[in-house]
Amino acid sequence: MSILLSVSISLLAGLIMTRLFKKFKLPSVTAYLIAGVLIGPYCLGRLHIGGLGFGSMGEVESLGIISEVALGFIAFAIGNEFRTEDLKKTGKQAFVIGIFQALVACLLVDGALYVVHRLMPNVLTLPQVLTLGAIATATAPAATLMVVRQYKAKGPLTKLLLPIVALDDAVGLIVFAVSFGIAKTLVSGKLDMVSILVNPLIEIACSLILGAVMGWVLTQLEKLFNSNTNRLNLTIGAVLLTSSLSMLHFNIGPVEIHFSSLLTCMMLGTVFCNICPLSHDLMAASDKWTSPLFAIFFVISGAELELSVFGSLSIVVIGAVYIIFRSAGKYLGAFVSAVSVKCSPQICKYLGITLLPQAGVALGMCATAMQLGEQGNLIRNITLFAVLIYELFGPVLTRMALTAAGEIQPMPDHVKERRTHKLNEAKEMKK
């Protein structure tokens with residue numbers, strides 16, 4: 001009962017908040033996140049009134065399976081952007097920009113935090129600097145996808161944006177594995193080349209192979225059904241199965257075999273959309289089914305944001321440096337690389353702004369950083385601080401950038417008139 005109540009409260013709170021924030025023209029994802037903060041353990045949850053909010057972080061974490069499922073479907077939808085016909089046009093641009101902007105963000109954050117380390121060596125250590133620089137590479141695909149869907153953004157910037165966000169995950173995994181491996185070596189004094197180089201490459205390879213196999217299996221199974229309803233059910237089941245398989249983790253000698261849920265489900269969507277002739281219709285139907293799931297996911301994400309990080313001046317100062325230089329790295333990296341591959345002026349100008357949101361992947365990285373012991377606590381708190389800021393303001397900036405680029409169009413007058421007419425008819429019927 002408690003889990004069902006939490007899910008229903010999350011969905012209703014999120015939907016109500018979108019109505020309250022509608023006049024401010026904020027993206028729905030921002031409203032969902034704010035709703036989560038309000039019903040989270042740091043606001044209404046403090047009252048410990050059943051059904052009014054999450055009384056503790058444990059209650060929020062009990063809904064973790066919903067977040068895992070939602071991320072699977074988000075990755076599946078982003079994988080749909082890797083259609084062969086589109087990649088022929090934008091594949092090279094996405095590849096160059098995706099790698100370059102991530103590396104520039106990492107280097108700028110490393111450089112800025114190294115200066116902080118030299119000024120305050122007792123507060124920020126070199127292993128922490130390297131780890132935070134690597135975390136800076138990650139971009140949140142969920143918030144970006146939600147903004148694109150809500151406003152039906154279309155155009156060259158949008159077509160380039162989603163593949164870059166997907167590629168960003170793979171780049172981030174490699175950079176983080178290498179940087180974190182060096183950080184662990186500095187802490188322990190033991191060099192482990194398997195952890196630094198072998199494990200991240202195996203993780204990426206295994207994730208892509210598993211996703212490709214599941215995409216092929218899903219396409220073959222779709223041939224057994226003629227009903228679109230059954231095909232949709234099969235698609236949903238395949239995403240759920242792939243998400244669960246990506247949680248497997250085992251060792252073969254010194255080598256760790258594990259998977260990235262985002263990469264696995266992205267590859268599932270990529271293979272499926274390229275070899276299944278019915279993928280367009282099924283993806284459209286899947287998008288409608290997942291709408292409430294994504295709403296709950298973002299409300300839960302908002303409830304997970306720890307407001308306690310504002311209580312430490314050192315966290316705020318280091319977090320501000322991290323945010324400023326990561327933002328500069330994402331923007332400058334995207335701008336320079338977009339110019340080098342001859343993108344249009346609109347893409348060069350606005351692409352970097354759309355890459356600012358940061359959440360799930362970064363949080364996963366900071367969870368791994370807890371292996372550094374006490375030093376991991378500072379990394380975790382700074383990442384939480386940055387995620388809080390980026391999640392609340394990132395979607396708004398993404399919407400503004402897509403609007404300025406001309407890829408979010410205002411609602412046509414005839415649509416407004418039709419909606420107003422229907423609303424007036426409903427009022428007349430009530431009378």
# chains A, B, ... in the order shown; residues from 1 in each chain; ligands from 1

call {"tool": "residues_around", "arguments": {"residues": "Pro127 of chain A", "least_positions_apart": "4", "cutoff": "8 Å", "atoms": "only C-alpha atoms", "output": "VMD selection string"}}
result
chain A and resid 131 180 182 to 184 186 to 187

call {"tool": "write_last_selection", "arguments": {"atoms": "N, CA and C atoms", "output": "CSV table (one decimal), in the first residue's frame"}}
result
chain,number,residue,atom,x,y,z
A,131,THR,N,38.6,12.9,-10.2
A,131,THR,CA,37.3,12.3,-10.3
A,131,THR,C,36.1,13.2,-10.7
A,180,PHE,N,39.3,7.8,-12.6
A,180,PHE,CA,39.1,7.3,-11.3
A,180,PHE,C,40.1,6.2,-11.0
A,182,ILE,N,43.2,6.3,-11.9
A,182,ILE,CA,44.4,7.1,-11.5
A,182,ILE,C,44.2,7.6,-10.1
A,183,ALA,N,43.0,8.1,-9.8
A,183,ALA,CA,42.7,8.6,-8.4
A,183,ALA,C,42.8,7.5,-7.4
A,184,LYS,N,42.4,6.3,-7.7
A,184,LYS,CA,42.5,5.2,-6.7
A,184,LYS,C,44.0,4.9,-6.5
A,186,LEU,N,46.5,7.0,-6.7
A,186,LEU,CA,47.1,8.0,-5.8
A,186,LEU,C,46.7,7.8,-4.4
A,187,VAL,N,45.5,7.3,-4.1
A,187,VAL,CA,45.1,7.1,-2.8
A,187,VAL,C,45.8,5.8,-2.2

call {"tool": "residues_around", "arguments": {"residues": "Gly311 of chain A", "least_positions_apart": "5", "cutoff": "12 Å", "atoms": "only C-alpha atoms", "output": "number ranges by chain"}}
result
A: 306, 316-317, 381-382, 385

call {"tool": "write_last_selection", "arguments": {"atoms": "N, CA and C atoms", "output": "short mmCIF file (atom, residue, chain, number, x, y, z; two decimals), in the first residue's frame"}}
result
data_model
loop_
_atom_site.label_atom_id
_atom_site.label_comp_id
_atom_site.auth_asym_id
_atom_site.auth_seq_id
_atom_site.Cartn_x
_atom_site.Cartn_y
_atom_site.Cartn_z
N GLU A 306 19.28 16.29 -2.50
CA GLU A 306 19.56 16.55 -1.09
C GLU A 306 19.86 18.03 -0.87
N VAL A 316 29.48 24.59 -1.41
CA VAL A 316 28.89 25.60 -2.29
C VAL A 316 29.95 26.25 -3.17
N VAL A 317 31.12 26.58 -2.58
CA VAL A 317 32.18 27.25 -3.34
C VAL A 317 32.74 26.31 -4.42
N ASN A 381 28.87 14.94 -2.44
CA ASN A 381 28.13 16.15 -2.08
C ASN A 381 28.24 17.22 -3.16
N ILE A 382 29.42 17.37 -3.76
CA ILE A 382 29.58 18.36 -4.83
C ILE A 382 28.76 17.95 -6.05
N PHE A 385 25.15 18.70 -5.36
CA PHE A 385 24.93 20.14 -5.46
C PHE A 385 24.77 20.54 -6.93
#

call {"tool": "closest_residue", "arguments": {"among": "A:Cys265, A:Val129, A:Ala238, A:Leu26", "to": "Leu221 of chain A", "atoms": "only C-alpha atoms"}}
result
A:Ala238

call {"tool": "closest_residue", "arguments": {"among": "A:Leu44, A:Cys343, A:Ile257, A:Leu107", "to": "Val198 of chain A", "atoms": "only C-alpha atoms"}}
result
A:Ile257

call {"tool": "closest_residue", "arguments": {"among": "A:Arg83, A:Arg399, A:Lys25, A:Lys89", "to": "Leu145 of chain A", "atoms": "only C-alpha atoms"}}
result
A:Arg399

call {"tool": "residues_around", "arguments": {"residues": "segment 157-161 of chain A", "least_positions_apart": "4", "cutoff": "8 Å", "atoms": "only C-alpha atoms", "output": "PDB file with N, CA and C atoms, in the first residue's frame"}}
result
ATOM      1  N   GLU A  81      17.006   7.411 -32.285  1.00  0.00           N
ATOM      2  CA  GLU A  81      17.562   8.533 -33.046  1.00  0.00           C
ATOM      3  C   GLU A  81      18.753   8.112 -33.906  1.00  0.00           C
ATOM      4  N   ASP A  86      19.592   8.885 -40.960  1.00  0.00           N
ATOM      5  CA  ASP A  86      19.975  10.128 -40.289  1.00  0.00           C
ATOM      6  C   ASP A  86      21.473  10.168 -40.013  1.00  0.00           C
ATOM      7  N   THR A  90      24.404  13.104 -40.308  1.00  0.00           N
ATOM      8  CA  THR A  90      24.933  13.777 -39.116  1.00  0.00           C
ATOM      9  C   THR A  90      25.897  12.920 -38.296  1.00  0.00           C
ATOM     10  N   GLN A  93      29.412  14.455 -37.619  1.00  0.00           N
ATOM     11  CA  GLN A  93      29.305  15.633 -36.762  1.00  0.00           C
ATOM     12  C   GLN A  93      29.027  15.231 -35.319  1.00  0.00           C
ATOM     13  N   ALA A  94      28.077  14.312 -35.123  1.00  0.00           N
ATOM     14  CA  ALA A  94      27.732  13.870 -33.775  1.00  0.00           C
ATOM     15  C   ALA A  94      28.922  13.210 -33.090  1.00  0.00           C
ATOM     16  N   VAL A 148      12.467  17.871 -25.562  1.00  0.00           N
ATOM     17  CA  VAL A 148      12.263  17.687 -27.008  1.00  0.00           C
ATOM     18  C   VAL A 148      10.864  17.157 -27.285  1.00  0.00           C
ATOM     19  N   ALA A 153      10.073  19.503 -30.562  1.00  0.00           N
ATOM     20  CA  ALA A 153      11.174  20.185 -31.231  1.00  0.00           C
ATOM     21  C   ALA A 153      11.617  19.413 -32.467  1.00  0.00           C
ATOM     22  N   VAL A 165      24.059  13.267 -27.090  1.00  0.00           N
ATOM     23  CA  VAL A 165      23.784  12.919 -25.692  1.00  0.00           C
ATOM     24  C   VAL A 165      24.000  11.426 -25.461  1.00  0.00           C
ATOM     25  N   GLN A 346      23.352  28.347 -36.289  1.00  0.00           N
ATOM     26  CA  GLN A 346      22.394  28.127 -35.208  1.00  0.00           C
ATOM     27  C   GLN A 346      22.840  26.987 -34.305  1.00  0.00           C
ATOM     28  N   ILE A 347      23.341  25.910 -34.913  1.00  0.00           N
ATOM     29  CA  ILE A 347      23.819  24.769 -34.130  1.00  0.00           C
ATOM     30  C   ILE A 347      25.047  25.170 -33.318  1.00  0.00           C
ATOM     31  N   LEU A 351      23.962  24.709 -29.439  1.00  0.00           N
ATOM     32  CA  LEU A 351      24.106  23.298 -29.071  1.00  0.00           C
ATOM     33  C   LEU A 351      24.666  23.125 -27.658  1.00  0.00           C
ATOM     34  N   THR A 354      22.249  23.188 -24.707  1.00  0.00           N
ATOM     35  CA  THR A 354      21.358  22.035 -24.549  1.00  0.00           C
ATOM     36  C   THR A 354      22.064  20.843 -23.900  1.00  0.00           C
ATOM     37  N   LEU A 402      16.518  25.774 -27.795  1.00  0.00           N
ATOM     38  CA  LEU A 402      15.797  25.193 -28.931  1.00  0.00           C
ATOM     39  C   LEU A 402      14.810  26.195 -29.527  1.00  0.00           C
ATOM     40  N   ALA A 405      16.770  28.716 -31.515  1.00  0.00           N
ATOM     41  CA  ALA A 405      17.250  28.107 -32.756  1.00  0.00           C
ATOM     42  C   ALA A 405      16.120  27.887 -33.755  1.00  0.00           C
ATOM     43  N   GLU A 407      13.546  25.765 -33.402  1.00  0.00           N
ATOM     44  CA  GLU A 407      13.126  24.371 -33.495  1.00  0.00           C
ATOM     45  C   GLU A 407      11.969  24.034 -32.565  1.00  0.00           C
TER      46      GLU A 407
END

call {"tool": "select_by_dssp", "arguments": {"residues": "segment 108-257 of chain A", "states": "helix (DSSP H, G or I)", "output": "MDAnalysis selection string"}}
result
chainID A and resid 108:119 126:135 141:150 156:188 193:222 228:245

call {"tool": "residues_around", "arguments": {"residues": "segment 5-19 of chain A", "least_positions_apart": "4", "cutoff": "12 Å", "atoms": "only C-alpha atoms", "output": "PyMOL selection string"}}
result
chain A and resi 1+23-40+44-45+50-55+59-67+150+291-303

call {"tool": "residues_around", "arguments": {"residues": "Phe250 of chain A", "least_positions_apart": "5", "cutoff": "12 Å", "atoms": "only C-alpha atoms", "output": "number ranges by chain"}}
result
A: 199, 203, 255-259

call {"tool": "atom_distance", "arguments": {"atom1": "atom CA of Ala75 of chain A", "atom2": "atom CA of Leu210 of chain A"}}
result
14.1 Å

call {"tool": "atom_distance", "arguments": {"atom1": "atom CA of Val69 of chain A", "atom2": "atom CA of Leu245 of chain A"}}
result
11.9 Å

call {"tool": "select_by_dssp", "arguments": {"residues": "segment 182-357 of chain A", "states": "strand (DSSP E)", "output": "list in words"}}
result
His249, Phe250, Asn251, Ile252, Val255, Glu256, Ile257 and His258 of chain A

call {"tool": "residues_around", "arguments": {"residues": "Leu397 of chain A", "least_positions_apart": "3", "cutoff": "8 Å", "atoms": "only C-alpha atoms", "output": "list in words"}}
result
Ile353, Thr354, Phe393, Gly394, Met400 and Ala401 of chain A

call {"tool": "write_last_selection", "arguments": {"atoms": "N, CA and C atoms", "output": "tab-separated table (two decimals), in the first residue's frame"}}
result
chain	number	residue	atom	x	y	z
A	353	ILE	N	24.44	24.85	-25.01
A	353	ILE	CA	23.49	25.14	-23.93
A	353	ILE	C	22.60	23.93	-23.67
A	354	THR	N	22.25	23.19	-24.71
A	354	THR	CA	21.36	22.04	-24.55
A	354	THR	C	22.06	20.84	-23.90
A	393	PHE	N	17.55	24.05	-13.59
A	393	PHE	CA	17.70	25.11	-14.59
A	393	PHE	C	18.07	24.59	-15.98
A	394	GLY	N	18.65	23.38	-16.05
A	394	GLY	CA	19.05	22.82	-17.34
A	394	GLY	C	17.91	22.68	-18.35
A	400	MET	N	14.91	27.17	-23.96
A	400	MET	CA	15.23	28.50	-24.50
A	400	MET	C	16.15	28.40	-25.70
A	401	ALA	N	17.12	27.49	-25.63
A	401	ALA	CA	18.06	27.33	-26.75
A	401	ALA	C	17.36	26.78	-27.98
